[in-house]
Every structure is written in structure tokens, then in C-alpha cells.
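A.B. asks: Contents of upload.pdb (PDB, C-alpha atoms) are below:
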ATOM      1  CA  MET D   1      39.200 -10.763 -32.509  1.00  0.00           C
ATOM      2  CA  LYS D   2      36.061 -12.240 -34.047  1.00  0.00           C
ATOM      3  CA  LEU D   3      35.183 -15.653 -32.659  1.00  0.00           C
ATOM      4  CA  ASP D   4      33.926 -18.487 -34.805  1.00  0.00           C
ATOM      5  CA  ARG D   5      32.110 -21.725 -34.002  1.00  0.00           C
ATOM      6  CA  ILE D   6      35.374 -23.553 -33.250  1.00  0.00           C
ATOM      7  CA  ASP D   7      36.528 -20.851 -30.806  1.00  0.00           C
ATOM      8  CA  ILE D   8      33.208 -21.113 -28.950  1.00  0.00           C
ATOM      9  CA  LYS D   9      33.553 -24.904 -28.851  1.00  0.00           C
ATOM     10  CA  ILE D  10      37.114 -24.586 -27.496  1.00  0.00           C
ATOM     11  CA  LEU D  11      35.909 -22.220 -24.751  1.00  0.00           C
ATOM     12  CA  HIS D  12      32.989 -24.528 -23.976  1.00  0.00           C
ATOM     13  CA  GLU D  13      35.227 -27.573 -23.633  1.00  0.00           C
ATOM     14  CA  LEU D  14      37.859 -25.727 -21.556  1.00  0.00           C
ATOM     15  CA  GLN D  15      35.298 -24.436 -19.075  1.00  0.00           C
ATOM     16  CA  LYS D  16      34.055 -27.996 -18.578  1.00  0.00           C
ATOM     17  CA  ASN D  17      37.581 -29.356 -18.137  1.00  0.00           C
ATOM     18  CA  GLY D  18      40.435 -26.894 -17.848  1.00  0.00           C
ATOM     19  CA  ARG D  19      42.913 -29.758 -17.470  1.00  0.00           C
ATOM     20  CA  VAL D  20      42.130 -31.346 -20.830  1.00  0.00           C
ATOM     21  CA  THR D  21      45.275 -31.938 -22.853  1.00  0.00           C
ATOM     22  CA  ASN D  22      45.716 -30.063 -26.105  1.00  0.00           C
ATOM     23  CA  VAL D  23      45.519 -33.355 -28.045  1.00  0.00           C
ATOM     24  CA  GLU D  24      42.216 -34.272 -26.362  1.00  0.00           C
ATOM     25  CA  LEU D  25      40.852 -30.750 -26.884  1.00  0.00           C
ATOM     26  CA  ALA D  26      41.848 -30.832 -30.543  1.00  0.00           C
ATOM     27  CA  GLU D  27      39.913 -34.102 -30.984  1.00  0.00           C
ATOM     28  CA  LEU D  28      36.847 -32.644 -29.231  1.00  0.00           C
ATOM     29  CA  VAL D  29      36.768 -29.603 -31.523  1.00  0.00           C
ATOM     30  CA  HIS D  30      37.831 -31.488 -34.670  1.00  0.00           C
ATOM     31  CA  LEU D  31      41.174 -29.727 -35.225  1.00  0.00           C
ATOM     32  CA  SER D  32      44.726 -30.944 -35.339  1.00  0.00           C
ATOM     33  CA  PRO D  33      46.735 -30.176 -32.174  1.00  0.00           C
ATOM     34  CA  SER D  34      48.885 -27.345 -33.540  1.00  0.00           C
ATOM     35  CA  PRO D  35      46.056 -25.070 -34.797  1.00  0.00           C
ATOM     36  CA  CYS D  36      44.091 -25.888 -31.643  1.00  0.00           C
ATOM     37  CA  LEU D  37      46.960 -24.747 -29.427  1.00  0.00           C
ATOM     38  CA  MET D  38      47.356 -21.568 -31.492  1.00  0.00           C
ATOM     39  CA  ARG D  39      43.664 -20.778 -31.002  1.00  0.00           C
ATOM     40  CA  VAL D  40      43.857 -21.398 -27.235  1.00  0.00           C
ATOM     41  CA  LYS D  41      46.890 -19.116 -26.942  1.00  0.00           C
ATOM     42  CA  LYS D  42      45.083 -16.405 -28.929  1.00  0.00           C
ATOM     43  CA  LEU D  43      41.953 -16.753 -26.767  1.00  0.00           C
ATOM     44  CA  GLN D  44      44.169 -16.337 -23.694  1.00  0.00           C
ATOM     45  CA  ALA D  45      46.019 -13.340 -25.151  1.00  0.00           C
ATOM     46  CA  GLU D  46      42.748 -11.625 -26.107  1.00  0.00           C
ATOM     47  CA  GLY D  47      41.325 -12.086 -22.588  1.00  0.00           C
ATOM     48  CA  TYR D  48      38.564 -14.579 -23.419  1.00  0.00           C
ATOM     49  CA  ILE D  49      40.234 -17.026 -21.037  1.00  0.00           C
ATOM     50  CA  GLU D  50      40.924 -15.285 -17.732  1.00  0.00           C
ATOM     51  CA  GLY D  51      42.500 -18.225 -15.930  1.00  0.00           C
ATOM     52  CA  TYR D  52      42.117 -21.796 -14.747  1.00  0.00           C
ATOM     53  CA  SER D  53      41.056 -23.066 -11.336  1.00  0.00           C
ATOM     54  CA  ALA D  54      40.031 -26.169  -9.412  1.00  0.00           C
ATOM     55  CA  GLN D  55      36.428 -26.807  -8.406  1.00  0.00           C
ATOM     56  CA  ILE D  56      36.470 -27.643  -4.706  1.00  0.00           C
ATOM     57  CA  ASN D  57      33.952 -29.998  -3.109  1.00  0.00           C
ATOM     58  CA  LEU D  58      33.057 -27.953  -0.015  1.00  0.00           C
ATOM     59  CA  GLY D  59      31.005 -30.822   1.389  1.00  0.00           C
ATOM     60  CA  LYS D  60      34.185 -32.871   1.740  1.00  0.00           C
ATOM     61  CA  LEU D  61      35.793 -30.091   3.785  1.00  0.00           C
ATOM     62  CA  GLY D  62      32.919 -29.652   6.228  1.00  0.00           C
ATOM     63  CA  GLN D  63      29.651 -27.840   6.858  1.00  0.00           C
ATOM     64  CA  THR D  64      28.978 -24.521   5.154  1.00  0.00           C
ATOM     65  CA  LEU D  65      25.990 -22.221   4.888  1.00  0.00           C
ATOM     66  CA  THR D  66      24.916 -20.544   1.653  1.00  0.00           C
ATOM     67  CA  VAL D  67      22.654 -17.499   1.925  1.00  0.00           C
ATOM     68  CA  PHE D  68      21.171 -15.343  -0.798  1.00  0.00           C
ATOM     69  CA  THR D  69      20.552 -11.818   0.461  1.00  0.00           C
ATOM     70  CA  GLU D  70      18.447  -9.064  -1.050  1.00  0.00           C
ATOM     71  CA  ILE D  71      19.798  -5.650  -0.081  1.00  0.00           C
ATOM     72  CA  THR D  72      18.067  -2.302  -0.531  1.00  0.00           C
ATOM     73  CA  LEU D  73      20.032   0.917  -0.190  1.00  0.00           C
ATOM     74  CA  LYS D  74      18.609   4.105   1.365  1.00  0.00           C
ATOM     75  CA  ASN D  75      19.756   6.302  -1.515  1.00  0.00           C
ATOM     76  CA  HIS D  76      20.497   5.597  -5.144  1.00  0.00           C
ATOM     77  CA  ARG D  77      23.218   8.005  -6.169  1.00  0.00           C
ATOM     78  CA  GLN D  78      26.444   6.740  -7.752  1.00  0.00           C
ATOM     79  CA  VAL D  79      28.325   7.614  -4.565  1.00  0.00           C
ATOM     80  CA  ASP D  80      25.937   5.421  -2.536  1.00  0.00           C
ATOM     81  CA  PHE D  81      26.477   2.411  -4.786  1.00  0.00           C
ATOM     82  CA  ALA D  82      30.250   2.986  -4.803  1.00  0.00           C
ATOM     83  CA  ARG D  83      30.450   3.252  -0.989  1.00  0.00           C
ATOM     84  CA  PHE D  84      28.464   0.027  -0.572  1.00  0.00           C
ATOM     85  CA  LEU D  85      30.531  -1.902  -3.124  1.00  0.00           C
ATOM     86  CA  ALA D  86      33.838  -0.660  -1.702  1.00  0.00           C
ATOM     87  CA  VAL D  87      32.984  -2.411   1.559  1.00  0.00           C
ATOM     88  CA  VAL D  88      31.342  -5.631   0.361  1.00  0.00           C
ATOM     89  CA  GLU D  89      34.000  -6.428  -2.248  1.00  0.00           C
ATOM     90  CA  LYS D  90      36.464  -6.888   0.634  1.00  0.00           C
ATOM     91  CA  ILE D  91      34.321  -9.563   2.340  1.00  0.00           C
ATOM     92  CA  ASP D  92      35.661 -13.010   1.395  1.00  0.00           C
ATOM     93  CA  GLN D  93      32.329 -14.676   2.182  1.00  0.00           C
ATOM     94  CA  VAL D  94      30.597 -12.627  -0.543  1.00  0.00           C
ATOM     95  CA  ILE D  95      30.797 -14.983  -3.505  1.00  0.00           C
ATOM     96  CA  GLU D  96      28.537 -13.018  -5.859  1.00  0.00           C
ATOM     97  CA  CYS D  97      27.025  -9.544  -5.885  1.00  0.00           C
ATOM     98  CA  HIS D  98      24.554  -8.476  -8.576  1.00  0.00           C
ATOM     99  CA  LEU D  99      22.919  -5.075  -9.114  1.00  0.00           C
ATOM    100  CA  VAL D 100      19.378  -6.004 -10.135  1.00  0.00           C
ATOM    101  CA  SER D 101      16.153  -4.416 -11.265  1.00  0.00           C
ATOM    102  CA  GLY D 102      12.983  -4.826  -9.230  1.00  0.00           C
ATOM    103  CA  GLY D 103      12.106  -4.339  -5.586  1.00  0.00           C
ATOM    104  CA  TYR D 104      15.646  -4.268  -4.172  1.00  0.00           C
ATOM    105  CA  ASP D 105      19.082  -3.161  -5.320  1.00  0.00           C
ATOM    106  CA  TYR D 106      21.526  -6.037  -4.851  1.00  0.00           C
ATOM    107  CA  LEU D 107      21.260  -9.804  -4.808  1.00  0.00           C
ATOM    108  CA  MET D 108      24.249 -11.256  -3.000  1.00  0.00           C
ATOM    109  CA  LYS D 109      25.449 -14.787  -2.389  1.00  0.00           C
ATOM    110  CA  PHE D 110      27.292 -15.519   0.837  1.00  0.00           C
ATOM    111  CA  VAL D 111      29.035 -18.762   1.746  1.00  0.00           C
ATOM    112  CA  THR D 112      29.912 -18.889   5.447  1.00  0.00           C
ATOM    113  CA  ALA D 113      30.934 -21.404   8.089  1.00  0.00           C
ATOM    114  CA  GLY D 114      27.473 -21.132   9.640  1.00  0.00           C
ATOM    115  CA  ILE D 115      24.567 -18.917  10.607  1.00  0.00           C
ATOM    116  CA  GLY D 116      26.597 -17.228  13.347  1.00  0.00           C
ATOM    117  CA  GLU D 117      29.248 -16.032  10.923  1.00  0.00           C
ATOM    118  CA  TYR D 118      26.601 -14.794   8.478  1.00  0.00           C
ATOM    119  CA  GLN D 119      24.791 -12.939  11.274  1.00  0.00           C
ATOM    120  CA  THR D 120      28.047 -11.306  12.406  1.00  0.00           C
ATOM    121  CA  ILE D 121      28.778 -10.121   8.859  1.00  0.00           C
ATOM    122  CA  MET D 122      25.304  -8.684   8.406  1.00  0.00           C
ATOM    123  CA  GLU D 123      25.353  -6.969  11.800  1.00  0.00           C
ATOM    124  CA  ARG D 124      28.711  -5.420  10.944  1.00  0.00           C
ATOM    125  CA  LEU D 125      27.412  -4.243   7.568  1.00  0.00           C
ATOM    126  CA  THR D 126      24.260  -2.694   9.028  1.00  0.00           C
ATOM    127  CA  ASP D 127      26.259  -0.981  11.792  1.00  0.00           C
ATOM    128  CA  MET D 128      28.567   0.607   9.215  1.00  0.00           C
ATOM    129  CA  ASP D 129      27.420   3.738   7.429  1.00  0.00           C
ATOM    130  CA  ILE D 130      27.300   2.249   3.938  1.00  0.00           C
ATOM    131  CA  GLY D 131      23.665   3.063   3.152  1.00  0.00           C
ATOM    132  CA  ILE D 132      21.830  -0.217   3.774  1.00  0.00           C
ATOM    133  CA  ASP D 133      18.126   0.430   4.293  1.00  0.00           C
ATOM    134  CA  LYS D 134      16.966  -3.171   4.666  1.00  0.00           C
ATOM    135  CA  TYR D 135      17.898  -6.717   3.759  1.00  0.00           C
ATOM    136  CA  PHE D 136      16.214 -10.086   3.463  1.00  0.00           C
ATOM    137  CA  SER D 137      18.059 -13.383   3.873  1.00  0.00           C
ATOM    138  CA  PHE D 138      17.252 -16.661   2.153  1.00  0.00           C
ATOM    139  CA  VAL D 139      19.125 -19.654   3.579  1.00  0.00           C
ATOM    140  CA  VAL D 140      19.797 -22.381   1.019  1.00  0.00           C
ATOM    141  CA  LEU D 141      18.535 -25.754   2.213  1.00  0.00           C
ATOM    142  CA  LYS D 142      19.614 -27.731  -0.841  1.00  0.00           C
ATOM    143  CA  SER D 143      21.114 -26.979  -4.258  1.00  0.00           C
ATOM    144  CA  PRO D 144      19.868 -29.685  -6.624  1.00  0.00           C
ATOM    145  CA  ILE D 145      21.302 -27.927  -9.697  1.00  0.00           C
ATOM    146  CA  VAL D 146      24.629 -26.083  -9.685  1.00  0.00           C
ATOM    147  CA  LYS D 147      26.538 -25.713 -12.930  1.00  0.00           C
ATOM    148  CA  ALA D 148      30.086 -24.449 -13.125  1.00  0.00           C
ATOM    149  CA  HIS D 149      29.918 -23.736 -16.853  1.00  0.00           C
ATOM    150  CA  MET D 150      27.885 -21.470 -19.114  1.00  0.00           C
ATOM    151  CA  PRO D 151      25.943 -22.897 -22.109  1.00  0.00           C
ATOM    152  CA  LEU D 152      28.201 -21.102 -24.613  1.00  0.00           C
ATOM    153  CA  PRO D 153      27.010 -22.886 -27.782  1.00  0.00           C
ATOM    154  CA  SER D 154      23.382 -21.856 -27.128  1.00  0.00           C
ATOM    155  CA  LEU D 155      24.305 -18.346 -25.906  1.00  0.00           C
ATOM    156  CA  PHE D 156      26.528 -17.651 -28.919  1.00  0.00           C
ATOM    157  CA  PRO D 157      25.355 -19.865 -31.814  1.00  0.00           C
ATOM    158  CA  MET D 158      27.496 -19.618 -34.919  1.00  0.00           C
TER     159      MET D 158
END
Rewrite the coordinates I just gave you, this time as C-alpha cells.
C.D. replies:
Amino acid sequence: MKLDRIDIKILHELQKNGRVTNVELAELVHLSPSPCLMRVKKLQAEGYIEGYSAQINLGKLGQTLTVFTEITLKNHRQVDFARFLAVVEKIDQVIECHLVSGGYDYLMKFVTAGIGEYQTIMERLTDMDIGIDKYFSFVVLKSPIVKAHMPLPSLFPM
């Protein structure tokens, strides 16, 4: 499926508000409701839309701790990366894990109940034989900018 400018606009609007009605979405993308709905269904069927979810205000629920962690592995064979990922993908507190270029291998984002929980997770990971050489932790003090949507129109101009 080749996307056009309207498809990108539909995706952009849906990621900002997944609960928008089809009539409202159609108005936002300058289509009538029926063709708009057909496009949304096609975008879903083709896998461009993976699902819908609620954005939770964690601050309302209580205190949390966000930590970015740089992790360097001892060895860099495929089996080493696979062994590491097999373990960390099962940790609920790992929100993001990125293989990066530069001075370390992975940049990970943890969200935990507090520093004690984060420390317990990291101690468990370093005690396991999953190839961690070293890690550096960066505790988030404040997040002045957090966006839940990607800038689709500028990433994919039509």
C-alpha cells in the first residue's frame, strides 16, 4: 500500500487522539466520513495502525522514578546480543531499549517505583550471566518535554 498525504494526515490525527470520531477525523483531513472510514480500515488492515491505548498520567497514581541506562556488553556476537535481549524484554520496568552506536551498546529507559526497585533490577541483571560489562545510570529529575506522537507530516512529507 502506498500512502498519500491524506493517509499521513489520518495517522497524524489518530496518534494525537485515538478516540476521535470518524466524522471529526473526516473533517480534520478534509474527507467525507465514508471514504475516511475506508482509509482507516485499510491502514489498520495493512498494519500501519497497530492498536489504540490510553495515555496514563503516572503523577496522579503516585511517585515513580525514570532512569536512562547506558549498558555495555562484554562481547559483541549475535548470541551475546540475543542472550541480553531475551532477559531484558521480560522486565516490565524496561519501557524502551535501543541498540545504539557510540561508546556503549544499549540505551534503556526504566520506569520504577523508586531507586530501590531500580537498584534491585540492576543488581539482578549484573548477577546474571547475560554479558553486561558495565552500565551507567542517569536519573531523570524533570521531563519538561515529552511527546506521545511522532511528527509524521515532517517525517514523511507528501
A.B. asks: I need the residue nearest Lys134 in chain D from this list: D:Ile71, D:Met158, D:Leu58, D:Ile49. Use only C-alpha atoms for the distance.
C.D. replies: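 Using only C-alpha atoms, Lys134 in chain D sits closest to D:Ile71.
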A.B. asks: Going by the chain IDs and residue numbers used in this file, which residues fall under the PyMOL selection byres ((chain D and resi 77-91) around 10)? Write them as a list in words.
C.D. replies: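 With the shown file as input, the PyMOL selection byres ((chain D and resi 77-91) around 10) matches Leu73, Lys74, Asn75, His76, Asp92, Gln93, Val94, Ile95, Glu96, Cys97, Leu99, Asp105, Tyr106, Met108, Phe110, Ile121, Leu125, Met128, Asp129, Ile130, Gly131 and Ile132 of chain D.
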A.B. asks: List the spatial neighbours of range 25-32 of chain D as a list of chain:residue names - criterion: any atom at most 10 Å away, all atoms listed in the file, same-chain residues fewer than 4 positions off excluded.
C.D. replies: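 The contact residues come out as D:Arg5, D:Ile6, D:Asp7, D:Ile8, D:Lys9, D:Ile10, D:His12, D:Glu13, D:Leu14, D:Asn17, D:Gly18, D:Arg19, D:Val20, D:Thr21, D:Cys36, D:Leu37, D:Val40.
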A.B. asks: List the residues selected by the PyMOL selection byres ((chain D and resi 115) around 12) in the file shown, writing them as a VMD selection string.
C.D. replies: chain D and resid 63 to 67 110 to 114 116 to 122 137 to 140
A.B. asks: Rounded to one decimal in Å, what is the spacing between CA of Lys2 in chain D and CA of Glu24 in chain D?
C.D. replies: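 Interatomic distance, CA of Lys2 in chain D to CA of Glu24 in chain D: 24.1 Å.
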A.B. asks: For range 125-137 of chain D of the structure just presented, write all heavy atoms to a file, as a short mmCIF file (atom, residue, chain, number, x, y, z; two decimals), in the first residue's frame.
C.D. replies:
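Saved to selection-v8.cif:
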data_model
loop_
_atom_site.label_atom_id
_atom_site.label_comp_id
_atom_site.auth_asym_id
_atom_site.auth_seq_id
_atom_site.Cartn_x
_atom_site.Cartn_y
_atom_site.Cartn_z
N LEU D 125 20.36 -8.08 37.19
CA LEU D 125 20.90 -8.18 35.83
C LEU D 125 22.41 -8.40 35.82
O LEU D 125 22.91 -9.20 35.03
CB LEU D 125 20.56 -6.92 35.03
CG LEU D 125 19.12 -6.78 34.56
CD1 LEU D 125 18.91 -5.42 33.89
CD2 LEU D 125 18.73 -7.91 33.62
N THR D 126 23.12 -7.69 36.69
CA THR D 126 24.58 -7.86 36.71
C THR D 126 24.99 -9.19 37.32
O THR D 126 26.05 -9.72 36.97
CB THR D 126 25.27 -6.69 37.44
OG1 THR D 126 24.72 -6.55 38.74
CG2 THR D 126 25.12 -5.39 36.67
N ASP D 127 24.17 -9.74 38.20
CA ASP D 127 24.48 -11.06 38.79
C ASP D 127 24.20 -12.19 37.79
O ASP D 127 24.80 -13.27 37.92
CB ASP D 127 23.65 -11.30 40.06
CG ASP D 127 24.15 -10.48 41.24
OD1 ASP D 127 25.28 -9.95 41.16
OD2 ASP D 127 23.41 -10.36 42.23
N MET D 128 23.32 -11.96 36.85
CA MET D 128 23.02 -12.99 35.85
C MET D 128 24.15 -13.01 34.82
O MET D 128 24.84 -12.02 34.61
CB MET D 128 21.69 -12.67 35.13
CG MET D 128 20.50 -12.66 36.05
SD MET D 128 19.03 -12.06 35.21
CE MET D 128 18.53 -13.53 34.36
N ASP D 129 24.31 -14.12 34.16
CA ASP D 129 25.35 -14.23 33.15
C ASP D 129 24.77 -13.86 31.78
O ASP D 129 24.57 -14.73 30.92
CB ASP D 129 25.91 -15.66 33.15
CG ASP D 129 27.09 -15.80 32.21
OD1 ASP D 129 27.75 -14.78 31.93
OD2 ASP D 129 27.33 -16.93 31.73
N ILE D 130 24.49 -12.57 31.61
CA ILE D 130 23.94 -12.14 30.32
C ILE D 130 24.89 -11.18 29.59
O ILE D 130 24.49 -10.54 28.63
CB ILE D 130 22.54 -11.51 30.48
CG1 ILE D 130 22.56 -10.28 31.38
CG2 ILE D 130 21.54 -12.53 30.95
CD1 ILE D 130 21.27 -9.47 31.35
N GLY D 131 26.14 -11.11 30.04
CA GLY D 131 27.16 -10.39 29.30
C GLY D 131 27.31 -8.92 29.55
O GLY D 131 27.95 -8.22 28.76
N ILE D 132 26.76 -8.40 30.65
CA ILE D 132 26.91 -6.96 30.93
C ILE D 132 28.33 -6.69 31.44
O ILE D 132 28.78 -7.31 32.41
CB ILE D 132 25.87 -6.48 31.96
CG1 ILE D 132 24.47 -6.59 31.37
CG2 ILE D 132 26.17 -5.03 32.37
CD1 ILE D 132 23.36 -6.22 32.34
N ASP D 133 29.02 -5.79 30.78
CA ASP D 133 30.36 -5.38 31.20
C ASP D 133 30.27 -4.23 32.19
O ASP D 133 30.85 -4.27 33.27
CB ASP D 133 31.18 -4.97 29.98
CG ASP D 133 32.61 -4.59 30.34
OD1 ASP D 133 33.16 -5.16 31.30
OD2 ASP D 133 33.18 -3.71 29.65
N LYS D 134 29.50 -3.20 31.82
CA LYS D 134 29.33 -2.04 32.70
C LYS D 134 28.06 -1.31 32.32
O LYS D 134 27.50 -1.51 31.24
CB LYS D 134 30.53 -1.11 32.62
CG LYS D 134 30.78 -0.53 31.25
CD LYS D 134 32.05 0.29 31.21
CE LYS D 134 32.32 0.71 29.76
NZ LYS D 134 33.58 1.40 29.61
N TYR D 135 27.60 -0.47 33.26
CA TYR D 135 26.41 0.34 32.98
C TYR D 135 26.53 1.66 33.72
O TYR D 135 27.20 1.77 34.74
CB TYR D 135 25.12 -0.39 33.35
CG TYR D 135 24.87 -0.58 34.83
CD1 TYR D 135 24.13 0.36 35.55
CD2 TYR D 135 25.37 -1.69 35.50
CE1 TYR D 135 23.89 0.20 36.89
CE2 TYR D 135 25.14 -1.86 36.86
CZ TYR D 135 24.40 -0.92 37.55
OH TYR D 135 24.17 -1.08 38.89
N PHE D 136 25.88 2.66 33.16
CA PHE D 136 25.81 3.98 33.77
C PHE D 136 24.35 4.39 33.85
O PHE D 136 23.61 4.23 32.88
CB PHE D 136 26.61 5.02 32.97
CG PHE D 136 28.08 4.75 32.95
CD1 PHE D 136 28.66 4.07 31.90
CD2 PHE D 136 28.88 5.16 34.01
CE1 PHE D 136 30.02 3.81 31.88
CE2 PHE D 136 30.24 4.90 34.01
CZ PHE D 136 30.81 4.22 32.94
N SER D 137 23.95 4.92 34.98
CA SER D 137 22.56 5.29 35.22
C SER D 137 22.41 6.80 35.26
O SER D 137 23.23 7.50 35.85
CB SER D 137 22.09 4.72 36.57
OG SER D 137 22.25 3.33 36.59
#
